[in-house]
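The data block below is coords27.tsv; it holds TSV, C-alpha atoms and all ligand atoms.
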chain	number	residue	atom	x	y	z
A	1	MET	CA	228.16	37.97	112.40
A	2	SER	CA	231.82	38.67	111.83
A	3	VAL	CA	232.91	37.75	115.32
A	4	ARG	CA	235.05	34.64	115.51
A	5	VAL	CA	237.20	32.64	117.88
A	6	ASP	CA	240.86	32.12	117.06
A	7	HIS	CA	243.12	29.70	118.87
A	8	GLY	CA	246.78	29.12	119.51
A	9	VAL	CA	248.88	26.96	121.80
A	10	THR	CA	251.97	28.10	123.69
A	11	SER	CA	254.34	25.96	125.71
A	12	GLY	CA	256.16	26.64	128.94
A	13	THR	CA	256.02	25.79	132.61
A	14	PHE	CA	253.62	25.93	135.55
A	15	THR	CA	255.06	26.36	139.03
A	16	LEU	CA	253.21	26.18	142.34
A	17	ASP	CA	254.07	24.87	145.78
A	18	GLY	CA	257.71	24.47	144.81
A	19	GLU	CA	257.13	22.11	141.88
A	20	THR	CA	257.45	22.92	138.19
A	21	PHE	CA	255.75	21.17	135.28
A	22	ASP	CA	255.96	21.49	131.50
A	23	VAL	CA	252.59	22.57	130.12
A	24	ASP	CA	250.91	23.51	126.84
A	25	ASN	CA	248.33	26.28	127.21
A	26	ASN	CA	245.53	27.33	124.92
A	27	VAL	CA	245.26	30.96	123.92
A	28	TRP	CA	241.77	32.05	122.87
A	29	VAL	CA	241.14	35.27	120.97
A	30	VAL	CA	237.58	36.51	120.44
A	31	GLY	CA	236.89	39.35	118.06
A	32	ASP	CA	236.21	40.58	114.55
A	33	ASP	CA	238.63	41.80	111.89
A	34	THR	CA	239.54	44.97	113.75
A	35	GLU	CA	239.41	44.32	117.51
A	36	CYS	CA	239.66	41.42	119.92
A	37	ILE	CA	239.88	40.22	123.50
A	38	VAL	CA	242.69	37.87	124.52
A	39	ILE	CA	241.76	35.16	127.02
A	40	ASP	CA	244.83	34.25	129.09
A	41	SER	CA	248.41	35.16	128.35
A	42	PRO	CA	250.63	32.12	128.73
A	43	HIS	CA	254.34	31.81	128.06
A	44	SER	CA	254.92	33.82	124.87
A	45	VAL	CA	253.88	37.31	123.79
A	46	ASP	CA	254.90	36.50	120.21
A	47	GLY	CA	252.81	33.34	120.27
A	48	ILE	CA	249.77	35.30	121.41
A	49	LEU	CA	250.32	38.15	118.95
A	50	ALA	CA	250.48	35.59	116.13
A	51	VAL	CA	246.85	34.74	116.95
A	52	VAL	CA	245.87	38.40	117.36
A	53	ALA	CA	247.47	39.34	114.01
A	54	ASP	CA	246.96	43.02	113.16
A	55	ARG	CA	243.90	43.58	115.35
A	56	LYS	CA	243.57	45.99	118.26
A	57	VAL	CA	243.59	44.15	121.60
A	58	LYS	CA	240.88	45.71	123.79
A	59	ALA	CA	241.43	43.61	126.90
A	60	ILE	CA	243.58	40.83	128.33
A	61	VAL	CA	241.21	38.66	130.37
A	62	CYS	CA	242.69	36.22	132.89
A	63	THR	CA	240.64	33.09	133.63
A	64	HIS	CA	242.73	32.80	136.80
A	65	ALA	CA	246.18	33.78	138.03
A	66	HIS	CA	248.20	30.57	137.90
A	67	ASP	CA	251.54	31.56	136.45
A	68	ASP	CA	251.07	29.60	133.23
A	69	HIS	CA	248.00	31.76	132.47
A	70	VAL	CA	249.30	35.22	133.47
A	71	ARG	CA	253.08	35.19	133.21
A	72	VAL	CA	253.32	37.39	130.10
A	73	ALA	CA	250.20	39.47	130.77
A	74	PRO	CA	252.21	42.60	131.71
A	75	ALA	CA	254.47	42.14	128.68
A	76	LEU	CA	251.44	41.73	126.42
A	77	ARG	CA	249.95	44.87	127.96
A	78	ALA	CA	253.16	46.73	127.20
A	79	GLU	CA	252.89	45.66	123.54
A	80	THR	CA	249.18	46.34	123.09
A	81	ALA	CA	248.21	48.98	125.70
A	82	ALA	CA	245.25	46.74	126.59
A	83	PRO	CA	244.13	46.53	130.23
A	84	ILE	CA	244.53	43.31	132.22
A	85	LEU	CA	241.30	42.05	133.82
A	86	LEU	CA	241.36	39.61	136.75
A	87	HIS	CA	238.97	38.53	139.49
A	88	PRO	CA	240.36	40.04	142.71
A	89	ASP	CA	240.03	36.79	144.66
A	90	ASP	CA	243.09	35.58	142.74
A	91	ARG	CA	245.29	38.30	144.23
A	92	PRO	CA	247.44	35.83	146.25
A	93	LEU	CA	248.19	33.78	143.13
A	94	TRP	CA	248.85	36.85	141.00
A	95	GLU	CA	251.30	38.18	143.59
A	96	LEU	CA	253.27	34.92	143.55
A	97	THR	CA	254.16	35.68	139.93
A	98	HIS	CA	254.01	39.47	139.62
A	99	GLY	CA	254.55	40.74	143.16
A	100	GLY	CA	252.35	43.07	145.14
A	101	PRO	CA	252.38	46.25	147.18
A	102	GLY	CA	255.84	46.69	148.65
A	103	ASP	CA	257.62	44.95	145.77
A	104	ALA	CA	259.57	47.48	143.74
A	105	ASN	CA	259.03	45.60	140.48
A	106	ALA	CA	255.44	44.56	141.06
A	107	ALA	CA	253.06	44.51	138.11
A	108	LEU	CA	249.39	44.94	138.90
A	109	TRP	CA	246.29	44.18	136.92
A	110	ASP	CA	244.14	47.08	135.76
A	111	ALA	CA	240.52	46.24	136.53
A	112	ASP	CA	238.59	43.66	138.51
A	113	LEU	CA	236.31	41.07	136.93
A	114	THR	CA	233.01	40.49	138.73
A	115	ASP	CA	230.42	37.75	138.50
A	116	GLY	CA	227.68	38.75	136.09
A	117	GLN	CA	229.79	41.40	134.36
A	118	THR	CA	229.61	41.55	130.57
A	119	LEU	CA	232.39	42.33	128.12
A	120	THR	CA	231.49	43.40	124.60
A	121	ILE	CA	233.77	42.82	121.63
A	122	GLY	CA	232.98	43.10	117.93
A	123	GLY	CA	229.27	43.27	118.71
A	124	THR	CA	229.13	40.09	120.79
A	125	THR	CA	228.93	39.71	124.54
A	126	LEU	CA	230.99	37.64	126.95
A	127	HIS	CA	229.37	36.96	130.32
A	128	VAL	CA	231.74	36.64	133.28
A	129	LEU	CA	230.91	33.67	135.50
A	130	HIS	CA	232.84	33.52	138.78
A	131	THR	CA	233.64	29.83	139.23
A	132	PRO	CA	235.95	29.44	142.25
A	133	GLY	CA	237.51	26.09	143.11
A	134	HIS	CA	240.52	25.50	140.88
A	135	ALA	CA	241.51	28.99	142.00
A	136	PRO	CA	239.57	31.36	144.24
A	137	GLY	CA	239.23	33.99	141.52
A	138	ALA	CA	238.70	31.63	138.60
A	139	VAL	CA	236.20	32.83	136.00
A	140	CYS	CA	234.61	31.37	132.89
A	141	LEU	CA	233.49	33.49	129.95
A	142	TYR	CA	230.22	32.53	128.29
A	143	ALA	CA	229.54	33.74	124.77
A	144	PRO	CA	225.88	32.87	124.02
A	145	ASP	CA	226.00	34.27	120.47
A	146	LEU	CA	228.92	31.96	119.71
A	147	GLY	CA	227.53	28.97	121.60
A	148	CYS	CA	230.70	28.54	123.59
A	149	VAL	CA	232.22	29.03	127.02
A	150	PHE	CA	235.88	29.59	127.86
A	151	THR	CA	236.59	27.68	131.06
A	152	GLY	CA	240.29	28.13	131.76
A	153	ASP	CA	241.22	25.32	134.15
A	154	THR	CA	237.77	25.06	135.77
A	155	LEU	CA	236.47	22.38	133.37
A	156	PHE	CA	238.41	20.23	130.93
A	157	ARG	CA	237.51	17.51	128.48
A	158	GLY	CA	237.10	14.61	130.90
A	159	GLY	CA	236.31	16.48	134.09
A	160	PRO	CA	236.98	19.33	136.49
A	161	GLY	CA	240.37	21.00	136.81
A	162	ALA	CA	242.98	20.07	139.37
A	163	THR	CA	242.49	20.89	143.03
A	164	GLY	CA	245.54	19.29	144.62
A	165	ARG	CA	247.52	22.47	145.25
A	166	SER	CA	247.32	25.62	147.33
A	167	TYR	CA	244.27	27.86	146.95
A	168	SER	CA	242.25	25.05	145.30
A	169	ASP	CA	239.22	23.21	146.68
A	170	ARG	CA	237.45	20.28	145.01
A	171	ALA	CA	234.03	20.72	146.64
A	172	THR	CA	234.00	24.42	145.76
A	173	LEU	CA	235.00	23.60	142.19
A	174	GLU	CA	232.25	21.00	141.71
A	175	ALA	CA	229.69	23.39	143.19
A	176	SER	CA	230.78	26.10	140.75
A	177	ILE	CA	230.59	23.76	137.79
A	178	ARG	CA	227.14	22.50	138.72
A	179	ALA	CA	225.72	25.95	139.49
A	180	LYS	CA	227.27	28.03	136.72
A	181	LEU	CA	228.43	25.76	133.87
A	182	PHE	CA	225.88	22.97	133.91
A	183	ALA	CA	223.19	25.66	133.76
A	184	LEU	CA	224.33	26.45	130.21
A	185	PRO	CA	222.80	24.73	127.16
A	186	ALA	CA	224.08	21.16	126.73
A	187	ASP	CA	225.44	21.82	123.24
A	188	THR	CA	227.61	24.71	124.44
A	189	ILE	CA	231.18	24.17	123.22
A	190	VAL	CA	233.75	24.28	126.03
A	191	HIS	CA	237.06	25.89	125.08
A	192	THR	CA	239.48	24.89	127.83
A	193	GLY	CA	242.75	26.24	129.17
A	194	HIS	CA	244.65	23.09	128.22
A	195	GLY	CA	243.87	20.37	125.70
A	196	GLU	CA	240.82	19.61	123.60
A	197	ASP	CA	237.35	21.12	123.45
A	198	THR	CA	234.36	19.39	124.95
A	199	THR	CA	230.69	20.26	125.50
A	200	ILE	CA	228.68	21.07	128.59
A	201	GLY	CA	226.45	18.07	127.91
A	202	ALA	CA	229.34	15.62	127.62
A	203	GLU	CA	230.89	16.78	130.89
A	204	LYS	CA	227.55	16.83	132.68
A	205	ALA	CA	227.08	13.18	131.69
A	206	LEU	CA	230.55	12.31	132.98
A	207	LEU	CA	230.33	14.11	136.31
A	208	GLY	CA	226.74	13.06	136.94
A	301	ZN	ZN	245.39	26.67	136.68
Go through the file and emit its structure as structure tokens.
Amino acid sequence: MSVRVDHGVTSGTFTLDGETFDVDNNVWVVGDDTECIVIDSPHSVDGILAVVADRKVKAIVCTHAHDDHVRVAPALRAETAAPILLHPDDRPLWELTHGGPGDANAALWDADLTDGQTLTIGGTTLHVLHTPGHAPGAVCLYAPDLGCVFTGDTLFRGGPGATGRSYSDRATLEASIRAKLFALPADTIVHTGHGEDTTIGAEKALLG
């Protein structure tokens, strides 16, 4: 199989509830030599396009709409003509960054992600898992052929994502992780939104 996962890191800020933090975000690109899907669009279009290289971007998939994951999504769309895909439950977070109906300069996403939906790229399939908790419209993308899952900020190496800010809920997050992620094979590699990889088995052992 010629499908592969490429990775980059971009740096910038995350702002919510009136506080701003410096953050490094992972950019994950899944595809073959000719086409790819970009998972999240943090901070820098050039940084993302360096990972894409000369391939055609077929979709820009948002794991959730915190500003560090979607800030340059419209700019990346303008460069690539790829549609932006987002779970609609993250509308309030998206609108904090990109505006909404009634805002003259609002940028919208193009198509809704739904639980159970599949996205095909380079002959492999990504399964959309709606995993609310860190954000109401958070999704993970499971690639069984590649033995990996892209979790955004839902699950990190060392535990679940943060739930201390608006639109987050710890109990909802843990329920999502147990129902959707811990159902995956234990050796599934977890590619996270920030920091190092882990595995489903390692995190299952930690969370209990
Ligand atoms: Zn987040």
Would you list the contacts of region 159-175 of chain A as an MDAnalysis selection string, taking every protein, DNA or RNA residue within 12 Å and counting all atoms listed in the file, but skipping same-chain residues closer than 5 positions in sequence?
chainID A and resid 14:19 64:66 89:94 96 130:139 151:154 180:183 190 192:208
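Candidate residues A:Leu86, A:Ile121, A:Val70, A:Val5 were compared for distance to Val51 (chain A), and the nearest is A:Val5, using all atoms listed in the file.
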Contacts of His7 (chain A) within 7 Å, all atoms listed in the file, excl. fewer than 4 positions in-chain, as a ChimeraX atom specification:
/A:26-29,51
Just the residues within 8 Å of Gln117 (chain A), please, counting only C-alpha atoms, with nothing from its chain fewer than 4 positions along; format it as a PyMOL selection string.
chain A and resi 113+127-129
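Using all atoms listed in the file, the smallest distance between any of A:Val149, A:Ile37, A:Cys62, A:Ala104 and ligand ZN 301 (chain A) comes from A:Cys62.
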Contact residues around Arg4 (chain A) with all atoms listed in the file at 10 Å, ignoring same-chain residues under 6 positions, as a list in words
Val29, Val30, Gly31, Asp32, Asp33, Cys36, Gly122, Thr124 and Leu146 of chain A
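CA of Cys140 (chain A) lies 9.5 Å from CA of Asp115 (chain A).
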Exercise: Pro74 (chain A) partners within 12 Å, all atoms listed in the file, chain neighbours under 6 positions left out, as a ChimeraX atom specification:
/A:40-45,59-62,80-85,94,97-99,105-110
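As for CA of Thr20 (chain A) and CA of Val52 (chain A), they are spaced 28.4 Å apart.
For the choices A:Pro185, A:Asp67, A:Pro144, A:Ile39, the atom-to-atom distance to ligand ZN 301 (chain A) is smallest for A:Asp67 when using only C-alpha atoms and all ligand atoms.
For the set A:Thr188, A:Thr10, A:Ser176, A:Thr114, the residue with the smallest atom-to-atom gap to Tyr142 (chain A) is A:Thr188, counting only C-alpha atoms.
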Nearest to Thr34 (chain A): which of A:Leu184, A:Leu76, A:Ala50, A:Val57 is it, counting all atoms listed in the file?
A:Val57
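What separates CA of Val72 (chain A) from CA of Ile189 (chain A) is a distance of 26.7 Å.
Across A:Ser11, A:Ser2, A:Thr63, A:Thr120, the tightest approach to ligand ZN 301 (chain A) is made by A:Thr63 when counting all atoms listed in the file.
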